[in-house]
file my_file38.txt (compact mmCIF, C-alpha atoms)
# COMPACT_ATOMS: atom_id res chain seq x y z
CA MET A 1 178.06 -22.50 -4.96
CA LYS A 2 177.62 -18.80 -4.46
CA SER A 3 177.57 -17.56 -0.87
CA VAL A 4 179.28 -14.75 1.03
CA VAL A 5 182.24 -16.96 1.98
CA THR A 6 182.84 -18.35 -1.50
CA THR A 7 182.56 -14.85 -3.01
CA VAL A 8 185.13 -13.53 -0.54
CA VAL A 9 187.50 -16.44 -1.17
CA THR A 10 187.16 -16.13 -4.96
CA ALA A 11 188.01 -12.41 -4.81
CA ALA A 12 190.99 -12.98 -2.49
CA ASP A 13 192.24 -15.82 -4.70
CA ALA A 14 191.97 -13.72 -7.86
CA ALA A 15 194.18 -11.11 -6.20
CA GLY A 16 196.49 -13.79 -4.76
CA ARG A 17 196.30 -12.48 -1.21
CA PHE A 18 195.41 -13.86 2.18
CA PRO A 19 191.93 -13.04 3.55
CA SER A 20 192.10 -9.39 4.62
CA THR A 21 190.37 -7.73 7.55
CA SER A 22 187.56 -6.50 5.35
CA ASP A 23 187.08 -10.02 3.98
CA LEU A 24 186.72 -11.32 7.52
CA GLN A 25 184.30 -8.49 8.32
CA SER A 26 181.98 -9.44 5.49
CA VAL A 27 182.02 -13.09 6.53
CA GLN A 28 181.17 -12.04 10.06
CA GLY A 29 178.27 -9.97 8.76
CA SER A 30 176.85 -13.00 7.00
CA LEU A 31 177.27 -15.17 10.11
CA GLN A 32 175.34 -12.65 12.19
CA ARG A 33 172.32 -12.91 9.89
CA ALA A 34 172.63 -16.67 9.69
CA ALA A 35 170.75 -17.42 12.92
CA ALA A 36 167.48 -16.04 11.49
CA ARG A 37 167.98 -17.93 8.23
CA LEU A 38 168.58 -21.21 10.01
CA GLU A 39 165.50 -20.67 12.16
CA ALA A 40 163.39 -20.23 9.02
CA ALA A 41 165.04 -23.29 7.45
CA GLU A 42 164.27 -25.42 10.49
CA LYS A 43 160.63 -24.32 10.76
CA LEU A 44 160.11 -24.84 7.04
CA ALA A 45 161.74 -28.28 7.12
CA SER A 46 159.56 -29.48 9.98
CA ASN A 47 156.32 -28.29 8.32
CA LEU A 48 157.22 -28.66 4.68
CA ASP A 49 154.54 -31.23 3.80
CA ALA A 50 151.74 -29.13 5.32
CA VAL A 51 153.02 -25.89 3.72
CA ALA A 52 153.25 -27.51 0.30
CA GLN A 53 149.83 -29.19 0.62
CA GLU A 54 148.12 -25.90 1.51
CA ALA A 55 149.85 -24.07 -1.34
CA TYR A 56 148.89 -26.83 -3.79
CA ASP A 57 145.24 -26.82 -2.61
CA ALA A 58 145.11 -23.03 -3.00
CA CYS A 59 146.30 -23.08 -6.60
CA ILE A 60 143.88 -25.87 -7.60
CA LYS A 61 141.08 -23.91 -5.93
CA LYS A 62 141.94 -20.83 -7.96
CA TYR A 63 142.37 -22.77 -11.23
CA PRO A 64 139.77 -25.60 -11.04
CA TYR A 65 139.98 -26.14 -14.82
CA LEU A 66 143.24 -28.01 -14.14
CA ASN A 67 141.08 -30.94 -12.93
CA ASN A 68 139.34 -31.24 -16.30
CA GLN A 69 140.22 -34.15 -18.48
CA GLY A 70 143.52 -33.70 -20.30
CA GLU A 71 144.67 -30.86 -18.05
CA ALA A 72 147.73 -30.83 -15.81
CA ASN A 73 145.95 -31.96 -12.62
CA SER A 74 143.48 -34.46 -14.13
CA THR A 75 144.78 -37.86 -12.97
CA ASP A 76 146.18 -39.12 -9.67
CA THR A 77 149.64 -39.36 -11.20
CA PHE A 78 149.45 -35.74 -12.33
CA LYS A 79 148.11 -34.63 -8.96
CA SER A 80 151.01 -36.20 -7.08
CA LYS A 81 153.46 -34.68 -9.54
CA CYS A 82 151.98 -31.21 -9.07
CA LEU A 83 152.29 -31.54 -5.30
CA ARG A 84 155.82 -32.86 -5.71
CA ASP A 85 156.80 -29.79 -7.74
CA VAL A 86 155.59 -27.46 -5.01
CA LYS A 87 157.51 -29.50 -2.43
CA HIS A 88 160.55 -29.30 -4.69
CA TYR A 89 160.47 -25.49 -4.66
CA MET A 90 160.01 -25.49 -0.89
CA ARG A 91 163.00 -27.78 -0.46
CA LEU A 92 165.16 -25.53 -2.63
CA ILE A 93 164.03 -22.55 -0.54
CA ASN A 94 165.10 -24.52 2.54
CA TYR A 95 168.53 -25.00 0.94
CA CYS A 96 168.81 -21.32 0.04
CA LEU A 97 168.02 -20.38 3.63
CA VAL A 98 170.85 -22.63 4.79
CA VAL A 99 173.38 -21.39 2.25
CA GLY A 100 172.45 -17.73 2.62
CA GLY A 101 172.18 -17.06 -1.11
CA THR A 102 170.07 -18.03 -4.10
CA GLY A 103 172.64 -20.55 -5.39
CA PRO A 104 170.54 -23.74 -4.95
CA LEU A 105 167.42 -22.16 -6.52
CA ASP A 106 169.43 -20.75 -9.41
CA GLU A 107 171.30 -23.95 -10.15
CA TRP A 108 168.68 -26.61 -9.45
CA GLY A 109 165.35 -24.78 -9.84
CA ILE A 110 165.42 -21.82 -12.16
CA ALA A 111 168.02 -22.85 -14.74
CA GLY A 112 166.06 -24.45 -17.57
CA GLN A 113 162.73 -24.01 -15.77
CA ARG A 114 161.04 -22.06 -18.58
CA GLU A 115 162.14 -24.56 -21.22
CA VAL A 116 160.88 -27.54 -19.20
CA TYR A 117 157.45 -26.04 -18.55
CA ARG A 118 157.11 -25.06 -22.18
CA ALA A 119 158.12 -28.52 -23.39
CA LEU A 120 155.64 -30.20 -21.01
CA ASN A 121 152.94 -27.65 -21.87
CA LEU A 122 152.46 -26.67 -18.21
CA PRO A 123 151.02 -23.30 -17.19
CA THR A 124 153.19 -21.29 -14.78
CA ALA A 125 150.31 -19.26 -13.32
CA PRO A 126 149.28 -22.05 -10.87
CA TYR A 127 152.85 -22.24 -9.55
CA VAL A 128 152.79 -18.49 -9.01
CA GLU A 129 149.47 -18.80 -7.21
CA ALA A 130 150.73 -21.64 -4.97
CA LEU A 131 153.88 -19.75 -4.01
CA SER A 132 151.98 -16.48 -3.53
CA PHE A 133 149.64 -18.30 -1.17
CA ALA A 134 152.62 -19.52 0.83
CA ARG A 135 153.98 -15.96 0.76
CA THR A 136 150.86 -14.57 2.47
CA ARG A 137 150.28 -17.61 4.70
CA GLY A 138 153.47 -17.22 6.75
CA CYS A 139 152.91 -15.19 9.89
CA ALA A 140 155.26 -13.85 12.57
CA PRO A 141 155.54 -14.67 15.43
CA ARG A 142 153.11 -17.61 15.02
CA ASP A 143 155.26 -19.52 12.52
CA MET A 144 158.73 -18.03 13.04
CA SER A 145 160.37 -14.80 14.18
CA ALA A 146 159.92 -11.64 12.10
CA GLN A 147 163.48 -11.63 10.79
CA ALA A 148 163.26 -15.30 9.80
CA LEU A 149 159.97 -14.66 8.01
CA THR A 150 161.58 -11.79 6.07
CA GLU A 151 164.32 -14.09 4.81
CA TYR A 152 161.77 -16.79 3.88
CA ASN A 153 159.46 -14.36 2.06
CA ALA A 154 162.35 -12.83 0.14
CA LEU A 155 163.15 -16.25 -1.34
CA LEU A 156 159.49 -16.93 -2.18
CA ASP A 157 159.42 -13.57 -4.00
CA TYR A 158 162.55 -14.59 -5.86
CA VAL A 159 160.91 -17.77 -7.18
CA ILE A 160 157.66 -15.99 -8.01
CA ASN A 161 159.59 -13.40 -10.03
CA SER A 162 161.43 -16.16 -11.90
CA LEU A 163 158.11 -17.73 -12.92
CA SER A 164 156.24 -14.61 -13.95
CA MET B 1 183.74 -24.17 -4.49
CA LEU B 2 181.72 -25.06 -1.41
CA ASP B 3 181.61 -23.84 2.17
CA ALA B 4 180.29 -25.58 5.29
CA PHE B 5 176.71 -24.52 4.46
CA SER B 6 176.68 -25.44 0.79
CA ARG B 7 178.39 -28.75 1.63
CA ALA B 8 175.38 -29.59 3.85
CA VAL B 9 173.03 -28.60 1.01
CA VAL B 10 174.82 -30.67 -1.61
CA SER B 11 174.79 -33.79 0.57
CA ALA B 12 171.11 -33.27 1.47
CA ASP B 13 170.21 -32.82 -2.21
CA ALA B 14 171.79 -36.19 -3.02
CA SER B 15 168.94 -37.84 -1.10
CA THR B 16 166.39 -35.03 -1.86
CA LYS B 17 165.69 -34.34 1.78
CA CYS B 18 165.26 -31.09 3.63
CA ILE B 19 167.84 -29.75 6.05
CA GLY B 20 166.45 -29.70 9.57
CA GLY B 21 167.01 -31.04 13.06
CA GLU B 22 170.46 -32.40 13.74
CA ASP B 23 171.93 -31.29 10.39
CA LEU B 24 171.30 -27.73 11.48
CA ALA B 25 172.93 -28.29 14.88
CA SER B 26 176.43 -28.53 13.41
CA LEU B 27 175.80 -25.42 11.30
CA ARG B 28 174.56 -23.55 14.37
CA ASN B 29 177.78 -24.58 16.08
CA PHE B 30 179.71 -23.22 13.08
CA ILE B 31 177.92 -19.88 13.50
CA SER B 32 178.32 -19.68 17.27
CA GLU B 33 182.06 -20.35 16.94
CA GLY B 34 182.36 -18.09 13.90
CA ASN B 35 184.39 -15.44 15.66
CA ARG B 36 186.95 -18.00 16.78
CA ARG B 37 187.28 -19.17 13.19
CA LEU B 38 187.81 -15.60 11.97
CA ASP B 39 190.43 -15.04 14.68
CA ALA B 40 192.19 -18.25 13.62
CA VAL B 41 192.21 -17.16 9.97
CA ASN B 42 193.50 -13.76 11.03
CA ALA B 43 196.24 -15.35 13.15
CA ILE B 44 197.53 -17.31 10.16
CA ALA B 45 197.13 -14.48 7.63
CA SER B 46 198.91 -11.98 9.88
CA ASN B 47 201.89 -14.26 10.41
CA ALA B 48 201.96 -15.79 6.94
CA SER B 49 205.25 -14.46 5.58
CA CYS B 50 207.05 -15.31 8.83
CA MET B 51 205.55 -18.81 8.85
CA VAL B 52 206.52 -19.49 5.26
CA SER B 53 210.11 -18.28 5.54
CA ASP B 54 210.59 -20.20 8.81
CA ALA B 55 209.17 -23.38 7.30
CA ILE B 56 211.42 -23.19 4.24
CA ALA B 57 214.44 -22.27 6.37
CA GLY B 58 213.71 -25.22 8.67
CA MET B 59 213.39 -27.55 5.70
CA ILE B 60 216.79 -26.40 4.38
CA CYS B 61 218.44 -26.61 7.82
CA GLU B 62 217.59 -30.28 7.94
CA ASN B 63 218.80 -30.88 4.40
CA GLN B 64 221.71 -28.58 3.49
CA GLY B 65 222.06 -30.21 0.08
CA LEU B 66 219.11 -28.16 -1.11
CA ILE B 67 221.15 -24.93 -1.20
CA GLN B 68 224.32 -26.38 -2.66
CA ALA B 69 224.96 -26.39 -6.40
CA GLY B 70 222.50 -28.84 -7.96
CA GLY B 71 220.09 -28.58 -5.02
CA ASN B 72 216.50 -27.60 -5.60
CA CYS B 73 216.77 -24.33 -3.65
CA TYR B 74 219.90 -23.19 -5.52
CA PRO B 75 220.29 -20.52 -6.92
CA ASN B 76 218.15 -17.66 -5.55
CA ARG B 77 215.70 -17.98 -8.40
CA ARG B 78 214.71 -21.46 -7.27
CA MET B 79 214.74 -20.51 -3.60
CA ALA B 80 212.30 -17.72 -4.47
CA ALA B 81 210.05 -20.18 -6.30
CA CYS B 82 210.13 -22.41 -3.24
CA LEU B 83 209.08 -19.56 -0.92
CA ARG B 84 206.32 -18.61 -3.32
CA ASP B 85 204.96 -22.17 -3.40
CA GLY B 86 205.02 -22.35 0.39
CA GLU B 87 202.95 -19.20 0.53
CA ILE B 88 200.49 -20.50 -2.05
CA ILE B 89 199.89 -23.72 -0.09
CA LEU B 90 199.44 -21.82 3.16
CA ARG B 91 197.05 -19.40 1.44
CA TYR B 92 194.77 -22.16 0.19
CA VAL B 93 194.77 -23.84 3.61
CA THR B 94 193.67 -20.49 5.03
CA TYR B 95 190.84 -20.26 2.50
CA ALA B 96 189.72 -23.78 3.44
CA LEU B 97 189.76 -22.87 7.12
CA LEU B 98 187.69 -19.75 6.42
CA ALA B 99 185.14 -21.68 4.36
CA GLY B 100 185.08 -24.68 6.72
CA ASP B 101 185.42 -27.01 3.75
CA ALA B 102 188.39 -28.44 1.86
CA SER B 103 186.94 -28.13 -1.65
CA VAL B 104 188.76 -24.86 -2.49
CA LEU B 105 192.06 -26.39 -1.38
CA GLU B 106 191.47 -29.59 -3.35
CA ASP B 107 190.18 -27.97 -6.56
CA ARG B 108 192.49 -24.99 -6.86
CA CYS B 109 195.72 -26.13 -5.21
CA LEU B 110 196.16 -29.88 -4.75
CA ASN B 111 194.61 -31.08 -8.01
CA GLY B 112 197.63 -31.99 -10.16
CA LEU B 113 200.16 -30.55 -7.70
CA LYS B 114 202.02 -33.82 -7.22
CA GLU B 115 202.28 -34.38 -10.98
CA THR B 116 203.60 -30.85 -11.44
CA TYR B 117 206.24 -31.30 -8.77
CA THR B 118 207.27 -34.68 -10.16
CA ALA B 119 207.66 -33.17 -13.63
CA LEU B 120 209.73 -30.28 -12.25
CA GLY B 121 211.89 -32.62 -10.15
CA VAL B 122 210.87 -31.08 -6.82
CA PRO B 123 211.69 -33.55 -4.00
CA ALA B 124 208.46 -34.63 -2.30
CA THR B 125 210.06 -35.40 1.06
CA SER B 126 211.39 -31.85 1.44
CA THR B 127 208.06 -30.33 0.41
CA VAL B 128 206.21 -32.52 2.91
CA ARG B 129 208.64 -31.47 5.64
CA ALA B 130 207.97 -27.77 4.95
CA VAL B 131 204.21 -28.40 5.09
CA GLN B 132 204.63 -30.27 8.39
CA ILE B 133 206.44 -27.27 9.85
CA MET B 134 203.68 -24.95 8.68
CA LYS B 135 201.13 -27.29 10.25
CA ALA B 136 202.86 -27.02 13.64
CA GLN B 137 203.15 -23.24 13.25
CA ALA B 138 199.47 -22.87 12.35
CA ALA B 139 198.46 -24.88 15.43
CA ALA B 140 200.69 -22.71 17.61
CA HIS B 141 199.27 -19.47 16.19
CA ILE B 142 195.63 -20.58 16.43
CA LYS B 143 196.22 -21.59 20.05
CA ASP B 144 198.22 -18.37 20.44
CA GLN B 145 200.92 -20.44 22.10
CA PRO B 146 204.02 -19.89 19.94
CA SER B 147 207.02 -21.76 21.29
CA GLU B 148 209.23 -19.50 23.41
CA GLU B 149 212.05 -22.01 23.09
CA PHE B 150 212.25 -21.75 19.30
CA ALA B 151 211.04 -18.20 18.72
CA GLY B 152 213.43 -16.57 21.21
CA ALA B 153 213.52 -12.82 20.82
CA ARG B 154 211.15 -12.92 17.85
CA LEU B 155 208.27 -14.35 19.91
CA ARG B 156 205.04 -12.78 18.72
CA LYS B 157 201.58 -13.34 20.17
CA MET B 158 198.25 -12.33 18.70
CA GLY B 159 196.88 -11.45 22.14
CA SER B 160 193.32 -12.29 21.12
CA PRO B 161 191.01 -13.31 23.97
CA VAL B 162 191.91 -16.89 24.84
CA VAL B 163 189.12 -19.41 25.32
CA GLU B 164 189.29 -22.35 27.68
CA ASP B 165 190.05 -25.08 25.12
CA ARG B 166 192.31 -22.85 23.01
CA CYS B 167 190.19 -23.50 19.91
CA ALA B 168 191.04 -27.21 19.91
CA SER B 169 188.44 -27.99 17.24
CA LEU B 170 189.86 -25.35 14.89
CA VAL B 171 193.40 -26.58 15.50
CA ALA B 172 192.25 -30.07 14.55
CA GLU B 173 190.43 -28.76 11.48
CA ALA B 174 193.45 -26.75 10.27
CA SER B 175 195.70 -29.76 10.88
CA SER B 176 193.38 -31.92 8.78
CA TYR B 177 193.79 -29.51 5.85
CA PHE B 178 197.59 -29.67 6.15
CA ASP B 179 197.30 -33.46 6.30
CA ARG B 180 195.38 -33.35 3.03
CA VAL B 181 198.26 -31.44 1.46
CA ILE B 182 200.75 -33.98 2.79
CA ALA B 183 198.62 -36.89 1.56
CA ALA B 184 198.29 -35.29 -1.88
CA LEU B 185 202.06 -34.82 -2.18
CA SER B 186 203.23 -38.21 -0.94

call {"tool": "encode", "arguments": {"input": "my_file38.txt", "output": "C-alpha cells"}}
result
Amino acid sequence: MKSVVTTVVTAADAAGRFPSTSDLQSVQGSLQRAAARLEAAEKLASNLDAVAQEAYDACIKKYPYLNNQGEANSTDTFKSKCLRDVKHYMRLINYCLVVGGTGPLDEWGIAGQREVYRALNLPTAPYVEALSFARTRGCAPRDMSAQALTEYNALLDYVINSLS
Amino acid sequence: MLDAFSRAVVSADASTKCIGGEDLASLRNFISEGNRRLDAVNAIASNASCMVSDAIAGMICENQGLIQAGGNCYPNRRMAACLRDGEIILRYVTYALLAGDASVLEDRCLNGLKETYTALGVPATSTVRAVQIMKAQAAAHIKDQPSEEFAGARLRKMGSPVVEDRCASLVAEASSYFDRVIAALS
C-alpha cells in the first residue's frame, strides 16, 4: 500500500541499494507530520457515527426526493444502507489518515466506484452533498487542531473530487 | 508491501472497524521513536559491506571445506555470488526495519529462497550461520556496542547519541527479522 515508507523502499530496491541518507530524510519528514494525522484519525474514530449521521441527514435534507417511493432512500433498508455508505467513506478516510496517503481510499473506495453506482442506478450528487457538509462542519480548534483539520479536509476533498 | 501504518489499516479493515484508541498508541510510539529507528537503519546501512564480508569470512573460518575445490565458495566466482547474496539478505532486513513490517522481506526476498538454494546446492547450514553472524553484528551496531575483543584495531562506532536502553526494542525487532530469514532457510 502506497505510503512514504513503501515508496522509499521500492525506489531503493529498484536501484539495489541500502536506504540512503536522503531516503531516511524523507521518512523522517513523513513521521513529523504524522502526529497531526493521527490526531485527526483519533477524533474522527471516536465521533464517526455522529459525523456520518449529520452528513447523511444533510444530504437527505437537500435532496428530499430520495424519500419518494422507488428512490434510493425510500425504505428502511435503503436508509440504513445510505448511512452505511457514508460511514464507509469516513472509515476509509480514517485509514488514509493513519497511513498518510490515499492508498486505502484508492484501493477500497474509489476503484470501481463509478461502475457500482451506475449499475445500482444511484445518484452521486447526494454523496457529494454529504461529504461537502462534513467538509464545512469540521472546525478548529473545537473538533481538532488546525493542522489535523487540514489533513482531514484534504482527504474529504479527495473523495468529493472522485465523485464529481 | 506494507509498513507499520498500513499493517494496522489492513488488520482493522478485516473487521471493518475504525482505528482509534489503543491501536493508535502503538503507532504513536512508532512515531516518537522514529529517530531511533532511522539511526538503527543508518547504522546497518553504513556498515553493510563490512558486516557482510565479516559474516561470510566467519562462516568460512568455521567450515574451511567451503573454499577448497568442490566447496560452495570455490572458486572466486562462487565466493562473489555468496557475498552478493549476503548483501541482498541484509538489505531486505534493513528495508523491513525501516518499514517496521516484515512483508517486504517475506515477499521480495524469502519467498522461494529456500527452493532456489536447494536447487543450486547451496548448503543451508552455512547460509544460516552467516545470517546468525549478521544478526549479532546488527544488534551490536544498533546498540553501538561493537565488540572490542573481536574488532580489534578495526573497531568502529557510530557515535550517535546513546539512549538509556540502547534501543532494546529495535534490537529485538531486527533480530526477529533475521530469525525469519533463518526460519525460512531451515

call {"tool": "atom_distance", "arguments": {"input": "my_file38.txt", "atom1": "atom CA of B:Thr125", "atom2": "atom CA of B:Arg156"}}
result
29.1 Å

call {"tool": "closest_atom_pairs", "arguments": {"input": "my_file38.txt", "of": "chain A", "to": "chain B", "cutoff": "6 Å", "atoms": "only C-alpha atoms", "output": "Markdown table"}}
result
| residue | atom | partner | partner_atom | distance |
| --- | --- | --- | --- | --- |
| A:Met1 | CA | B:Leu2 | CA | 5.7 |
| A:Phe18 | CA | B:Ala45 | CA | 5.7 |
| A:Leu31 | CA | B:Ile31 | CA | 5.8 |
| A:Glu42 | CA | B:Gly20 | CA | 4.9 |
| A:Ala45 | CA | B:Gly20 | CA | 5.5 |
| A:Arg91 | CA | B:Cys18 | CA | 5.7 |
| A:Tyr95 | CA | B:Val9 | CA | 5.8 |
| A:Val99 | CA | B:Phe5 | CA | 5.1 |

call {"tool": "atom_distance", "arguments": {"input": "my_file38.txt", "atom1": "atom CA of A:Gln53", "atom2": "atom CA of A:Ser162"}}
result
21.5 Å

call {"tool": "residues_near_point", "arguments": {"input": "my_file38.txt", "point": "(164.5, -12.3, 3.8)", "cutoff": "12 Å", "atoms": "all atoms listed in the file", "output": "ChimeraX atom specification"}}
result
/A:33-34,36-41,93,96-97,100-102,135,145-158

call {"tool": "residues_around", "arguments": {"input": "my_file38.txt", "residues": "B:Phe178", "least_positions_apart": "2", "cutoff": "8 Å", "atoms": "all atoms listed in the file", "output": "PyMOL selection string"}}
result
chain B and resi 93+131-132+135+174-176+180-182

call {"tool": "atom_distance", "arguments": {"input": "my_file38.txt", "atom1": "atom CA of B:Ser186", "atom2": "atom CA of B:Ala124"}}
result
6.5 Å

call {"tool": "residues_around", "arguments": {"input": "my_file38.txt", "residues": "stretch 59-66 of chain B", "least_positions_apart": "6", "cutoff": "6 Å", "atoms": "only C-alpha atoms", "output": "PyMOL selection string"}}
result
chain B and resi 72-73+130

call {"tool": "residues_around", "arguments": {"input": "my_file38.txt", "residues": "A:Asn73", "least_positions_apart": "2", "cutoff": "12 Å", "atoms": "only C-alpha atoms", "output": "list in words"}}
result
Tyr56, Asp57, Cys59, Ile60, Lys61, Tyr63, Pro64, Tyr65, Leu66, Asn67, Asn68, Gln69, Gly70, Glu71, Thr75, Asp76, Thr77, Phe78, Lys79, Ser80, Lys81, Cys82, Leu83, Leu122, Pro123 and Pro126 of chain A

call {"tool": "residues_near_point", "arguments": {"input": "my_file38.txt", "point": "(199.6, -11.1, 16.2)", "cutoff": "8 Å", "atoms": "only C-alpha atoms", "output": "list in words"}}
result
Ala43, Ser46, Asn47, Arg156, Lys157, Met158 and Gly159 of chain B

call {"tool": "build_atoms", "arguments": {"input": "my_file38.txt", "residues": "stretch 72-81 of chain A", "atoms": "all heavy atoms", "output": "CSV table (one decimal), in the frame of the given file"}}
result
chain,number,residue,atom,x,y,z
A,72,ALA,N,146.5,-30.4,-16.5
A,72,ALA,CA,147.7,-30.8,-15.8
A,72,ALA,C,147.5,-31.5,-14.5
A,72,ALA,O,148.3,-32.2,-13.9
A,72,ALA,CB,148.6,-29.6,-15.6
A,73,ASN,N,146.2,-31.4,-13.9
A,73,ASN,CA,146.0,-32.0,-12.6
A,73,ASN,C,144.8,-33.0,-12.7
A,73,ASN,O,144.1,-33.3,-11.7
A,73,ASN,CB,145.5,-30.9,-11.6
A,73,ASN,CG,145.7,-31.3,-10.2
A,73,ASN,OD1,146.7,-31.8,-9.8
A,73,ASN,ND2,144.7,-31.0,-9.4
A,74,SER,N,144.7,-33.6,-13.9
A,74,SER,CA,143.5,-34.5,-14.1
A,74,SER,C,143.6,-35.9,-13.5
A,74,SER,O,142.5,-36.4,-13.0
A,74,SER,CB,143.2,-34.6,-15.6
A,74,SER,OG,144.4,-35.0,-16.3
A,75,THR,N,144.7,-36.5,-13.5
A,75,THR,CA,144.8,-37.9,-13.0
A,75,THR,C,145.5,-37.9,-11.7
A,75,THR,O,146.2,-36.9,-11.3
A,75,THR,CB,145.5,-38.8,-14.0
A,75,THR,OG1,146.9,-38.4,-14.0
A,75,THR,CG2,144.9,-38.7,-15.3
A,76,ASP,N,145.5,-39.0,-11.0
A,76,ASP,CA,146.2,-39.1,-9.7
A,76,ASP,C,147.7,-39.0,-9.8
A,76,ASP,O,148.4,-38.4,-9.0
A,76,ASP,CB,145.9,-40.5,-9.0
A,76,ASP,CG,144.5,-40.5,-8.3
A,76,ASP,OD1,144.0,-39.3,-8.2
A,76,ASP,OD2,144.0,-41.5,-8.0
A,77,THR,N,148.2,-39.5,-10.9
A,77,THR,CA,149.6,-39.4,-11.2
A,77,THR,C,150.0,-37.9,-11.3
A,77,THR,O,151.0,-37.4,-10.8
A,77,THR,CB,150.0,-40.1,-12.5
A,77,THR,OG1,149.3,-41.3,-12.5
A,77,THR,CG2,151.5,-40.3,-12.6
A,78,PHE,N,149.2,-37.2,-12.1
A,78,PHE,CA,149.4,-35.7,-12.3
A,78,PHE,C,149.3,-35.0,-11.0
A,78,PHE,O,150.1,-34.1,-10.7
A,78,PHE,CB,148.5,-35.1,-13.4
A,78,PHE,CG,148.8,-35.6,-14.8
A,78,PHE,CD1,147.9,-35.2,-15.8
A,78,PHE,CD2,149.9,-36.3,-15.1
A,78,PHE,CE1,148.2,-35.6,-17.1
A,78,PHE,CE2,150.1,-36.7,-16.4
A,78,PHE,CZ,149.3,-36.3,-17.4
A,79,LYS,N,148.3,-35.3,-10.2
A,79,LYS,CA,148.1,-34.6,-9.0
A,79,LYS,C,149.3,-34.8,-8.1
A,79,LYS,O,149.8,-33.8,-7.5
A,79,LYS,CB,146.9,-35.2,-8.2
A,79,LYS,CG,145.5,-34.8,-8.8
A,79,LYS,CD,144.4,-35.3,-7.9
A,79,LYS,CE,143.1,-35.5,-8.7
A,79,LYS,NZ,142.5,-34.3,-9.2
A,80,SER,N,149.9,-36.0,-8.0
A,80,SER,CA,151.0,-36.2,-7.1
A,80,SER,C,152.2,-35.5,-7.6
A,80,SER,O,153.1,-35.0,-6.9
A,80,SER,CB,151.3,-37.7,-6.9
A,80,SER,OG,151.7,-38.3,-8.1
A,81,LYS,N,152.3,-35.4,-9.0
A,81,LYS,CA,153.5,-34.7,-9.5
A,81,LYS,C,153.4,-33.2,-9.3
A,81,LYS,O,154.4,-32.5,-9.1
A,81,LYS,CB,153.6,-35.0,-11.0
A,81,LYS,CG,154.1,-36.3,-11.3
A,81,LYS,CD,154.4,-36.6,-12.8
A,81,LYS,CE,155.1,-37.9,-13.0
A,81,LYS,NZ,155.2,-38.3,-14.4
